[in-house]
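The structure under discussion appears below in the form of structure tokens.
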Amino acid sequence: MNDTVLVTGGAGYIGSHTTLALLEANYDVVVLDNLSNSSAESLRRVAQICGRKPEFVQGDIRDTTLLNDLFSRRTFTAVLHFAGLKAVGESVRKPMDYYDNNVVGSMCLCQAMARAEVFWLAFSSSATVYGEPTRMPICEDYPTNMPTNPYGRSKLMVERMLSDLCASDARWSIALLRYFNPIGAHSSGMIGEDPNGIPNNLLPYISQVAIGKIEQLPVYGGDYPTIDGTGVRDYIHVQDLADGHLKALHGIRSRSGVHIWNLGTGIGYSVLQMIHAFEQASGRPVPYQLVPRRAGDIAECWADPGKAARELGWQARRGLQEMMQDTWRWQSANPQGYAH
Ligand code: NAD
Ligand code: UDP
């Protein structure tokens with residue numbers, strides 16, 4: 001019998017790509033998602049790509065009754081926990097929504113897991129927990145006491161809660177996966193990132209400019225102490241990230257306690273480098289305008305991914321060109337995202 005994995009937030013951007021990778025690796029998958037930022041169409045497409053379907057349960061991770069029913073109906077080997085809210089700006093305006101969804105939601109999930117005696121968990125954390133780093137690249141032991149916004153603080157709170165949980169009970173084995181900047185789409189062009197409204201993140205914004213939905217890209221800050229004055233980030237292909245979750249699943253099976261792994265490439269690119277690479281991959285111009293810095297942004301941020309390489313045997317394999325080509329394939333084949 002195959003192992004069954006519960007994927008919270010599995011209809012979303014990273015969750016859908018990871019669900020696909022799990023199905024392709026012969027896991028059975030149950031997706032729990034309230035569709036607050038996604039569409040069940042992503043899962044229909046996952047099934048089209050791989051010929052296997054995840055079970056889909058529409059519901060909220062804060063719904064204890066639903067969780068208890070789900071855990072008593074199915075036997076799970078592990079939980080991959082993607083569900084949560086992720087927009088930094090919105091978290092400043094609505095902090096309680098973020099603490100409720102991300103922190104209370106994670107607590108409800110862990111309580112239900114403990115009742116069902118499921119103790120293997122991988123949590124979607126973020127490089128944002130490192131706050132404003134002063135040296136590069138960032139290793140996992142870099143201090144994490146100063147995230148710059150409520151979203152980042154909600155991620156850090158969950159990390160600390162999960163660490164306390166592991167310290168209290170040796171049956172738990174938990175991966176805290178700190179993602180850098182996920183971009184790209186599945187190479188089929190059938191699933192990808194489909195943000196609601198005007199995108200917050202750079203790549204969806206660039207692709208919507210290239211497709212003509214938005215006139216020009218605001219480049220937030222041209223006066224950072226970086227290679228060309230624009231912000232530098234470690235962009236990682238979402239399929240590499242999905243592979244990282246499969247490796248982390250193996251990793252937590254053979255270890256107990258809490259384990260932190262950066263999932264990044266170790267390479268930083270500036271906003272202008274990203275624009276030019278996208279123009280090359282798409283053959284479309286991306287008009288942009290330099291505007292003042294965005295509040296809360298840092299100058300540069302890239303990972304030391306060595307710990308995941310040593311301990312999990314994982315490293316990102318896809319380069320910038322592939323990330324851009326895959327983004328463009330998804331965007332040009334689905335100009336309205338999953339809407340039709
Ligand atoms: P996403 O919004 O596409 O996916 C999150 C999914 O969770 C959505 O399908 C949403 O409907 C669902 N969801 C939200 N709240 C829920 C709740 N209370 N109950 C059930 N389902 C709920 O986001 P994503 O980019 O795929 O991110 C996945 C995870 O990775 C998030 O936790 C995010 O914070 C984290 N992360 C994302 C990035 C990034 O840049 N995309 C970077 C670092 C960390
Ligand atoms: N950025 C930009 N214009 C945009 C969105 C983002 O110039 O419309 C820049 C942002 O300032 C940062 C980089 O692109 O330097 C990545 O931003 P994103 O929001 O994608 O990720 P973050 O690293 O902030 O989580």
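Letters A, B, ... mark the chains of the structure tokens in the order given; residue numbers begin at 1 per chain; ligand numbers begin at 1, in order shown.
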**Item:** Exercise answer, 6 Å around ligand 2 with only C-alpha atoms and all ligand atoms, as a list in words
**Value:**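 With only C-alpha atoms and all ligand atoms and a cut-off of 6 Å, ligand 2 is contacted by Asn200, Asn201, Leu202, Tyr205, Leu217, Pro218, Val219, Tyr220, Gly231, Val232, Val271 and Asp297 of chain A.
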**Message:** When DSSP is applied to the backbone of this structure, which of range 100-209 of chain A are assigned helix (DSSP H, G or I)? Write them out as a PyMOL selection string.
**Reply:** chain A and resi 100-116+127-130+150-168+202-209
Output file for the selection above: N, CA and C atoms, as a short mmCIF file (atom, residue, chain, number, x, y, z; two decimals), in the first residue's frame:
data_model
loop_
_atom_site.label_atom_id
_atom_site.label_comp_id
_atom_site.auth_asym_id
_atom_site.auth_seq_id
_atom_site.Cartn_x
_atom_site.Cartn_y
_atom_site.Cartn_z
N ASP A 100 -4.29 34.46 12.94
CA ASP A 100 -5.35 33.46 13.05
C ASP A 100 -5.11 32.31 12.05
N ASN A 101 -4.98 32.65 10.76
CA ASN A 101 -4.79 31.62 9.74
C ASN A 101 -3.48 30.85 9.95
N ASN A 102 -2.40 31.61 10.14
CA ASN A 102 -1.08 30.97 10.11
C ASN A 102 -0.72 30.34 11.45
N VAL A 103 -0.95 31.07 12.55
CA VAL A 103 -0.51 30.55 13.85
C VAL A 103 -1.60 29.64 14.45
N VAL A 104 -2.82 30.18 14.59
CA VAL A 104 -3.90 29.36 15.18
C VAL A 104 -4.15 28.15 14.28
N GLY A 105 -4.14 28.37 12.96
CA GLY A 105 -4.35 27.25 12.02
C GLY A 105 -3.32 26.15 12.22
N SER A 106 -2.05 26.54 12.36
CA SER A 106 -1.00 25.52 12.54
C SER A 106 -1.18 24.80 13.87
N MET A 107 -1.63 25.54 14.88
CA MET A 107 -1.85 24.92 16.19
C MET A 107 -2.98 23.88 16.11
N CYS A 108 -4.09 24.26 15.47
CA CYS A 108 -5.21 23.31 15.33
C CYS A 108 -4.75 22.06 14.59
N LEU A 109 -3.94 22.27 13.55
CA LEU A 109 -3.47 21.13 12.75
C LEU A 109 -2.62 20.20 13.61
N CYS A 110 -1.68 20.77 14.36
CA CYS A 110 -0.80 19.93 15.18
C CYS A 110 -1.58 19.20 16.27
N GLN A 111 -2.58 19.86 16.83
CA GLN A 111 -3.38 19.19 17.86
C GLN A 111 -4.12 17.99 17.27
N ALA A 112 -4.66 18.19 16.07
CA ALA A 112 -5.37 17.07 15.41
C ALA A 112 -4.38 15.96 15.06
N MET A 113 -3.17 16.33 14.62
CA MET A 113 -2.16 15.32 14.30
C MET A 113 -1.81 14.51 15.55
N ALA A 114 -1.61 15.21 16.66
CA ALA A 114 -1.24 14.51 17.90
C ALA A 114 -2.34 13.54 18.31
N ARG A 115 -3.61 13.98 18.20
CA ARG A 115 -4.72 13.08 18.57
C ARG A 115 -4.70 11.83 17.70
N ALA A 116 -4.33 12.02 16.43
CA ALA A 116 -4.32 10.87 15.50
C ALA A 116 -2.97 10.14 15.49
N ALA A 127 12.33 32.61 4.12
CA ALA A 127 13.55 33.36 4.41
C ALA A 127 13.23 34.67 5.11
N THR A 128 11.97 35.06 5.09
CA THR A 128 11.58 36.31 5.76
C THR A 128 11.84 36.24 7.27
N VAL A 129 11.95 35.02 7.84
CA VAL A 129 12.22 34.93 9.29
C VAL A 129 13.61 35.47 9.62
N TYR A 130 14.50 35.58 8.61
CA TYR A 130 15.84 36.10 8.89
C TYR A 130 15.86 37.62 9.02
N PRO A 150 4.15 41.47 10.00
CA PRO A 150 3.34 40.45 10.70
C PRO A 150 3.37 39.09 10.01
N TYR A 151 3.42 39.05 8.67
CA TYR A 151 3.52 37.76 7.98
C TYR A 151 4.76 37.01 8.46
N GLY A 152 5.91 37.70 8.44
CA GLY A 152 7.16 37.06 8.86
C GLY A 152 7.10 36.64 10.32
N ARG A 153 6.49 37.49 11.15
CA ARG A 153 6.40 37.14 12.57
C ARG A 153 5.48 35.94 12.78
N SER A 154 4.42 35.83 11.94
CA SER A 154 3.54 34.66 12.09
C SER A 154 4.31 33.37 11.74
N LYS A 155 5.18 33.44 10.73
CA LYS A 155 5.99 32.27 10.35
C LYS A 155 6.96 31.91 11.48
N LEU A 156 7.58 32.94 12.06
CA LEU A 156 8.53 32.69 13.14
C LEU A 156 7.82 32.12 14.36
N MET A 157 6.62 32.63 14.66
CA MET A 157 5.86 32.09 15.80
C MET A 157 5.59 30.60 15.60
N VAL A 158 5.20 30.24 14.38
CA VAL A 158 4.91 28.83 14.12
C VAL A 158 6.19 28.01 14.26
N GLU A 159 7.30 28.53 13.73
CA GLU A 159 8.57 27.80 13.87
C GLU A 159 8.86 27.53 15.35
N ARG A 160 8.66 28.56 16.18
CA ARG A 160 8.98 28.40 17.61
C ARG A 160 8.01 27.44 18.29
N MET A 161 6.74 27.54 17.90
CA MET A 161 5.75 26.62 18.46
C MET A 161 6.12 25.17 18.12
N LEU A 162 6.52 24.96 16.87
CA LEU A 162 6.84 23.59 16.44
C LEU A 162 8.12 23.09 17.13
N SER A 163 9.07 24.00 17.37
CA SER A 163 10.29 23.61 18.09
C SER A 163 9.95 23.21 19.52
N ASP A 164 9.07 23.98 20.16
CA ASP A 164 8.66 23.64 21.54
C ASP A 164 7.95 22.29 21.56
N LEU A 165 7.14 22.06 20.54
CA LEU A 165 6.40 20.79 20.47
C LEU A 165 7.38 19.62 20.39
N CYS A 166 8.39 19.75 19.53
CA CYS A 166 9.38 18.68 19.39
C CYS A 166 10.15 18.47 20.69
N ALA A 167 10.44 19.58 21.37
CA ALA A 167 11.20 19.45 22.62
C ALA A 167 10.38 18.73 23.68
N SER A 168 9.05 18.82 23.57
CA SER A 168 8.18 18.26 24.61
C SER A 168 7.87 16.79 24.38
N LEU A 202 7.38 39.76 -7.65
CA LEU A 202 8.01 40.26 -8.86
C LEU A 202 7.65 39.46 -10.13
N LEU A 203 7.78 38.14 -10.09
CA LEU A 203 7.61 37.38 -11.34
C LEU A 203 6.20 37.42 -11.91
N PRO A 204 5.16 37.21 -11.07
CA PRO A 204 3.81 37.36 -11.63
C PRO A 204 3.57 38.76 -12.17
N TYR A 205 4.17 39.75 -11.54
CA TYR A 205 4.01 41.13 -12.02
C TYR A 205 4.67 41.28 -13.39
N ILE A 206 5.92 40.83 -13.49
CA ILE A 206 6.64 40.92 -14.77
C ILE A 206 5.85 40.20 -15.85
N SER A 207 5.32 39.00 -15.55
CA SER A 207 4.66 38.26 -16.63
C SER A 207 3.36 38.93 -17.04
N GLN A 208 2.67 39.57 -16.10
CA GLN A 208 1.43 40.26 -16.49
C GLN A 208 1.72 41.53 -17.29
N VAL A 209 2.88 42.12 -17.06
CA VAL A 209 3.29 43.26 -17.91
C VAL A 209 3.61 42.73 -19.32
#
**ligand 1 neighbours within 7 Å using only C-alpha atoms and all ligand atoms, as JSON, numbers by chain** = {"A": [8, 9, 10, 11, 12, 13, 14, 15, 32, 33, 34, 35, 36, 37, 38, 59, 60, 61, 62, 82, 83, 84, 85, 86, 101, 105, 124, 125, 126, 127, 178, 179, 180, 181, 182, 193]}
**Asked** Restricting the calculation to only C-alpha atoms, which member of A:Ser39, A:Asn262, A:Ser72, A:Thr19 is positioned closest to Leu176 in chain A?
**Response**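 Of A:Ser39, A:Asn262, A:Ser72, A:Thr19, the one nearest Leu176 in chain A, counting only C-alpha atoms, is A:Asn262.
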**Prompt:** Using only C-alpha atoms, which residue out of A:Cys139, A:Leu20, A:Ala277, A:Cys301 lies closest to Ala47 in chain A?
**Reply:**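 For Ala47 in chain A, the nearest of the given residues is A:Leu20.
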**Asked** So how far away is CA of Val46 in chain A from CA of Arg233 in chain A, in Å?
**Response**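 Atom-to-atom, CA of Arg233 in chain A to CA of Val46 in chain A, that is 28.7 Å.
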